[in-house]
Amino acid sequence: MNKVNYQKELDKLIVGFEKEGFVPSLLLHSCCGPCSSYCIEYLSQYFNITVFYYNPNIYPDEEYYHRVKEQQRFIKEFPTKHPVSFIEGDFDKESFYLIAKGLEMEPEKGIRCHKCYELRLRRTAEVCKKKSFDFFTTTLTISPMKDSQILNEIGFRLADELGIKWLPSDFKKKEGYKRSTELSRNYNMYRQDYCGCVFSYNERQRQKKSGNETEV
């Protein structure tokens, strides 16, 4: 099965919006401030963005609250062409552990991660529908450790299910990940060294001990 270039799909949509003089509303699920930085810089040229911070997977609690504050600080400090607002979702940790049950030993990027993607994107889709946003999408596709094909497949499926519109993306294209690291440095942002959940935290600790670390 051929992989879809979702960045090209996004580029086509943006060209159409500009021709029409249309600035859509976008609910942008954000996994963290650093990953959101380039996404906000790029998308705010063409969309009215509301950042939706919904990440019940994050461990421990203090890590969650630290990341929330960094997200809010970046939105406040970063200048954009179109407005960017913020919604914090529930920190309902039990929902993550429920979907992870029985998958505790799965490797990173495996089935447990795919279920976590869907958990967070489903809640984003529900808010998108409830508040009548034109589109929803996620910053998760910027990470080299996240499968953009799977994320977009989930997004399109949820959009079809709920009768809303998914905005395709692969933000790591066009050196998006590199730009996110630059913006993180420029804004002195806290940049975590693991994805977020207790399983990724434990994996990172094992990598540190073995000297075999990978990018988040």
# chains A, B, ... in the order shown; residues from 1 in each chain; ligands from 1
call {"tool": "closest_atom_pairs", "arguments": {"of": "region 176-214 of chain A", "to": "region 102-120 of chain A", "cutoff": "12 Å", "atoms": "only C-alpha atoms", "output": "tab-separated table"}}
result
residue	atom	partner	partner_atom	distance
A:Tyr194	CA	A:Glu108	CA	10.7
A:Cys195	CA	A:Glu108	CA	9.4
A:Gly196	CA	A:Cys116	CA	10.9
A:Cys197	CA	A:Cys116	CA	9.7
A:Val198	CA	A:Glu104	CA	9.6
A:Phe199	CA	A:Glu104	CA	7.2
A:Ser200	CA	A:Glu108	CA	7.1
A:Tyr201	CA	A:Glu108	CA	10.7
A:Asn202	CA	A:Glu108	CA	11.1
A:Glu203	CA	A:Glu108	CA	8.5
A:Arg204	CA	A:Glu108	CA	10.5
A:Thr214	CA	A:Glu108	CA	11.1
call {"tool": "select_by_dssp", "arguments": {"residues": "region 41-211 of chain A", "states": "alpha helix (DSSP H)", "output": "PDB file with C-alpha atoms, in the first residue's frame"}}
result
ATOM      1  CA  GLU A  41       3.608  29.264  13.416  1.00  0.00           C
ATOM      2  CA  TYR A  42       2.648  27.574  10.160  1.00  0.00           C
ATOM      3  CA  LEU A  43      -1.104  27.111  10.541  1.00  0.00           C
ATOM      4  CA  ASP A  61       0.886  14.575  37.433  1.00  0.00           C
ATOM      5  CA  GLU A  62       3.500  17.301  37.878  1.00  0.00           C
ATOM      6  CA  GLU A  63       4.762  16.613  34.358  1.00  0.00           C
ATOM      7  CA  TYR A  64       1.243  17.140  33.014  1.00  0.00           C
ATOM      8  CA  TYR A  65       0.820  20.506  34.743  1.00  0.00           C
ATOM      9  CA  HIS A  66       4.286  21.648  33.701  1.00  0.00           C
ATOM     10  CA  ARG A  67       3.497  20.913  30.053  1.00  0.00           C
ATOM     11  CA  VAL A  68       0.145  22.703  30.256  1.00  0.00           C
ATOM     12  CA  LYS A  69       1.799  25.855  31.577  1.00  0.00           C
ATOM     13  CA  GLU A  70       4.438  25.798  28.833  1.00  0.00           C
ATOM     14  CA  GLN A  71       1.715  25.426  26.219  1.00  0.00           C
ATOM     15  CA  GLN A  72      -0.197  28.402  27.562  1.00  0.00           C
ATOM     16  CA  ARG A  73       2.951  30.499  27.848  1.00  0.00           C
ATOM     17  CA  PHE A  74       3.928  29.864  24.244  1.00  0.00           C
ATOM     18  CA  ILE A  75       0.481  30.813  22.957  1.00  0.00           C
ATOM     19  CA  LYS A  76       0.592  34.022  24.988  1.00  0.00           C
ATOM     20  CA  GLU A  77       4.080  35.027  23.861  1.00  0.00           C
ATOM     21  CA  LYS A  93      -6.006   9.514  33.566  1.00  0.00           C
ATOM     22  CA  GLU A  94      -8.294   6.521  34.023  1.00  0.00           C
ATOM     23  CA  SER A  95      -9.361   6.724  30.371  1.00  0.00           C
ATOM     24  CA  PHE A  96      -5.771   6.181  29.261  1.00  0.00           C
ATOM     25  CA  TYR A  97      -5.079   3.274  31.608  1.00  0.00           C
ATOM     26  CA  LEU A  98      -8.313   1.662  30.480  1.00  0.00           C
ATOM     27  CA  ILE A  99      -7.278   1.612  26.811  1.00  0.00           C
ATOM     28  CA  ALA A 100      -3.729   0.560  27.756  1.00  0.00           C
ATOM     29  CA  ILE A 111      -0.846  -0.928  19.263  1.00  0.00           C
ATOM     30  CA  ARG A 112      -0.938   0.817  22.649  1.00  0.00           C
ATOM     31  CA  CYS A 113       0.255   4.053  21.047  1.00  0.00           C
ATOM     32  CA  HIS A 114      -2.313   3.734  18.264  1.00  0.00           C
ATOM     33  CA  LYS A 115      -5.076   3.377  20.845  1.00  0.00           C
ATOM     34  CA  CYS A 116      -3.712   6.410  22.680  1.00  0.00           C
ATOM     35  CA  TYR A 117      -3.790   8.401  19.433  1.00  0.00           C
ATOM     36  CA  GLU A 118      -7.418   7.451  18.936  1.00  0.00           C
ATOM     37  CA  LEU A 119      -8.368   8.280  22.525  1.00  0.00           C
ATOM     38  CA  ARG A 120      -7.029  11.805  22.188  1.00  0.00           C
ATOM     39  CA  LEU A 121      -8.244  12.387  18.644  1.00  0.00           C
ATOM     40  CA  ARG A 122     -11.737  11.101  19.437  1.00  0.00           C
ATOM     41  CA  ARG A 123     -12.116  13.601  22.250  1.00  0.00           C
ATOM     42  CA  THR A 124     -10.793  16.336  19.949  1.00  0.00           C
ATOM     43  CA  ALA A 125     -13.299  15.311  17.267  1.00  0.00           C
ATOM     44  CA  GLU A 126     -16.148  15.416  19.772  1.00  0.00           C
ATOM     45  CA  VAL A 127     -15.209  18.953  20.831  1.00  0.00           C
ATOM     46  CA  CYS A 128     -14.839  19.937  17.173  1.00  0.00           C
ATOM     47  CA  LYS A 129     -18.377  18.759  16.460  1.00  0.00           C
ATOM     48  CA  LYS A 130     -19.869  20.271  19.618  1.00  0.00           C
ATOM     49  CA  LYS A 131     -18.306  23.693  19.021  1.00  0.00           C
ATOM     50  CA  SER A 148       1.633  10.051  10.421  1.00  0.00           C
ATOM     51  CA  GLN A 149      -0.101   7.500   8.199  1.00  0.00           C
ATOM     52  CA  ILE A 150      -1.865   5.936  11.200  1.00  0.00           C
ATOM     53  CA  LEU A 151      -2.717   9.327  12.703  1.00  0.00           C
ATOM     54  CA  ASN A 152      -4.308  10.560   9.485  1.00  0.00           C
ATOM     55  CA  GLU A 153      -6.211   7.314   8.987  1.00  0.00           C
ATOM     56  CA  ILE A 154      -7.669   7.664  12.492  1.00  0.00           C
ATOM     57  CA  GLY A 155      -8.481  11.324  11.889  1.00  0.00           C
ATOM     58  CA  PHE A 156     -10.333  10.673   8.640  1.00  0.00           C
ATOM     59  CA  ARG A 157     -12.242   7.751  10.166  1.00  0.00           C
ATOM     60  CA  LEU A 158     -13.403   9.833  13.131  1.00  0.00           C
ATOM     61  CA  ALA A 159     -14.362  12.687  10.806  1.00  0.00           C
ATOM     62  CA  ASP A 160     -16.521  10.332   8.741  1.00  0.00           C
ATOM     63  CA  GLU A 161     -18.069   8.873  11.877  1.00  0.00           C
ATOM     64  CA  LEU A 162     -19.005  12.250  13.365  1.00  0.00           C
ATOM     65  CA  GLY A 176       8.933  21.117  10.627  1.00  0.00           C
ATOM     66  CA  TYR A 177      10.498  19.107  13.434  1.00  0.00           C
ATOM     67  CA  LYS A 178      13.776  20.996  13.063  1.00  0.00           C
ATOM     68  CA  ARG A 179      11.904  24.312  13.177  1.00  0.00           C
ATOM     69  CA  SER A 180      10.075  23.212  16.330  1.00  0.00           C
ATOM     70  CA  THR A 181      13.414  22.640  18.063  1.00  0.00           C
ATOM     71  CA  GLU A 182      14.580  26.111  16.971  1.00  0.00           C
ATOM     72  CA  LEU A 183      11.422  27.763  18.298  1.00  0.00           C
ATOM     73  CA  SER A 184      11.732  25.809  21.539  1.00  0.00           C
ATOM     74  CA  ARG A 185      15.217  27.210  22.034  1.00  0.00           C
ATOM     75  CA  ASN A 186      14.163  30.724  21.044  1.00  0.00           C
ATOM     76  CA  VAL A 198       4.465   5.947  32.250  1.00  0.00           C
ATOM     77  CA  PHE A 199       5.480   3.340  29.679  1.00  0.00           C
ATOM     78  CA  SER A 200       7.435   5.811  27.559  1.00  0.00           C
ATOM     79  CA  TYR A 201       8.923   7.270  30.741  1.00  0.00           C
ATOM     80  CA  ASN A 202      10.194   3.860  31.819  1.00  0.00           C
ATOM     81  CA  GLU A 203      11.515   3.145  28.329  1.00  0.00           C
ATOM     82  CA  ARG A 204      13.447   6.417  28.347  1.00  0.00           C
ATOM     83  CA  GLN A 205      15.014   5.526  31.681  1.00  0.00           C
ATOM     84  CA  ARG A 206      16.155   2.177  30.239  1.00  0.00           C
ATOM     85  CA  GLN A 207      17.593   3.954  27.193  1.00  0.00           C
ATOM     86  CA  LYS A 208      19.529   6.363  29.389  1.00  0.00           C
ATOM     87  CA  LYS A 209      21.046   3.514  31.326  1.00  0.00           C
ATOM     88  CA  SER A 210      22.051   1.705  28.131  1.00  0.00           C
TER      89      SER A 210
END
call {"tool": "select_by_dssp", "arguments": {"residues": "region 60-213 of chain A", "states": "strand (DSSP E or B)", "output": "list of chain:residue names"}}
result
A:Val84, A:Ser85, A:Phe86, A:Ile87, A:Glu88, A:Phe135, A:Phe136, A:Thr137, A:Thr138, A:Trp166
call {"tool": "residues_around", "arguments": {"residues": "Gln7 (chain A)", "least_positions_apart": "6", "cutoff": "9 Å", "atoms": "only C-alpha atoms", "output": "MDAnalysis selection string"}}
result
chainID A and resid 168:174
call {"tool": "write_last_selection", "arguments": {"atoms": "N, CA, C and O atoms", "output": "mmCIF file, in the first residue's frame"}}
result
data_model
loop_
_atom_site.group_PDB
_atom_site.id
_atom_site.type_symbol
_atom_site.label_atom_id
_atom_site.label_comp_id
_atom_site.auth_asym_id
_atom_site.auth_seq_id
_atom_site.Cartn_x
_atom_site.Cartn_y
_atom_site.Cartn_z
ATOM 1 N N PRO A 168 -5.720 17.032 7.063
ATOM 2 C CA PRO A 168 -4.566 16.139 6.943
ATOM 3 C C PRO A 168 -3.265 16.887 7.214
ATOM 4 O O PRO A 168 -3.164 18.093 6.957
ATOM 5 N N SER A 169 -2.274 16.169 7.713
ATOM 6 C CA SER A 169 -0.993 16.824 7.985
ATOM 7 C C SER A 169 0.121 15.806 8.080
ATOM 8 O O SER A 169 -0.101 14.621 8.355
ATOM 9 N N ASP A 170 1.318 16.287 7.879
ATOM 10 C CA ASP A 170 2.546 15.578 8.249
ATOM 11 C C ASP A 170 3.540 16.680 8.547
ATOM 12 O O ASP A 170 4.379 17.034 7.725
ATOM 13 N N PHE A 171 3.428 17.251 9.729
ATOM 14 C CA PHE A 171 4.161 18.465 10.063
ATOM 15 C C PHE A 171 5.670 18.286 10.131
ATOM 16 O O PHE A 171 6.400 19.275 10.175
ATOM 17 N N LYS A 172 6.133 17.032 10.150
ATOM 18 C CA LYS A 172 7.584 16.838 10.141
ATOM 19 C C LYS A 172 8.187 17.145 8.774
ATOM 20 O O LYS A 172 9.392 17.324 8.645
ATOM 21 N N LYS A 173 7.327 17.204 7.738
ATOM 22 C CA LYS A 173 7.792 17.588 6.407
ATOM 23 C C LYS A 173 8.225 19.058 6.420
ATOM 24 O O LYS A 173 7.893 19.818 7.322
ATOM 25 N N LYS A 174 8.938 19.465 5.385
ATOM 26 C CA LYS A 174 9.429 20.850 5.274
ATOM 27 C C LYS A 174 10.266 21.250 6.491
ATOM 28 O O LYS A 174 10.242 22.407 6.924
#
call {"tool": "residues_around", "arguments": {"residues": "Leu13 (chain A)", "least_positions_apart": "3", "cutoff": "12 Å", "atoms": "only C-alpha atoms", "output": "PyMOL selection string"}}
result
chain A and resi 6-10+16-20+22-24+43+46-47+135+165-169
call {"tool": "write_last_selection", "arguments": {"atoms": "C-alpha atoms", "output": "short mmCIF file (atom, residue, chain, number, x, y, z; two decimals), in the first residue's frame"}}
result
data_model
loop_
_atom_site.label_atom_id
_atom_site.label_comp_id
_atom_site.auth_asym_id
_atom_site.auth_seq_id
_atom_site.Cartn_x
_atom_site.Cartn_y
_atom_site.Cartn_z
CA TYR A 6 -0.46 14.27 3.73
CA GLN A 7 1.60 17.47 3.69
CA LYS A 8 0.83 17.83 -0.02
CA GLU A 9 -2.84 17.26 0.73
CA LEU A 10 -2.72 20.05 3.30
CA GLY A 16 -7.95 26.65 -2.10
CA PHE A 17 -8.67 28.61 1.09
CA GLU A 18 -6.46 31.47 -0.05
CA LYS A 19 -8.15 31.64 -3.45
CA GLU A 20 -11.53 31.85 -1.72
CA PHE A 22 -11.52 31.84 3.53
CA VAL A 23 -9.94 31.62 7.01
CA PRO A 24 -11.30 28.40 8.56
CA LEU A 43 -1.10 27.11 10.54
CA TYR A 46 -4.22 30.42 7.30
CA PHE A 47 -6.51 29.43 10.21
CA PHE A 135 -11.59 21.34 10.92
CA LYS A 165 -13.71 17.56 8.71
CA TRP A 166 -10.20 16.31 9.42
CA LEU A 167 -7.28 18.46 8.33
CA PRO A 168 -4.57 16.14 6.94
CA SER A 169 -0.99 16.82 7.99
#
call {"tool": "atom_distance", "arguments": {"atom1": "CA of Ile49 (chain A)", "atom2": "CA of Thr138 (chain A)"}}
result
11.6 Å
call {"tool": "closest_residue", "arguments": {"among": "A:Val84, A:Cys32, A:Met145, A:Cys39", "to": "Asn55 (chain A)", "atoms": "only C-alpha atoms"}}
result
A:Cys32
call {"tool": "atom_distance", "arguments": {"atom1": "CA of Asp134 (chain A)", "atom2": "CA of Leu27 (chain A)"}}
result
8.1 Å
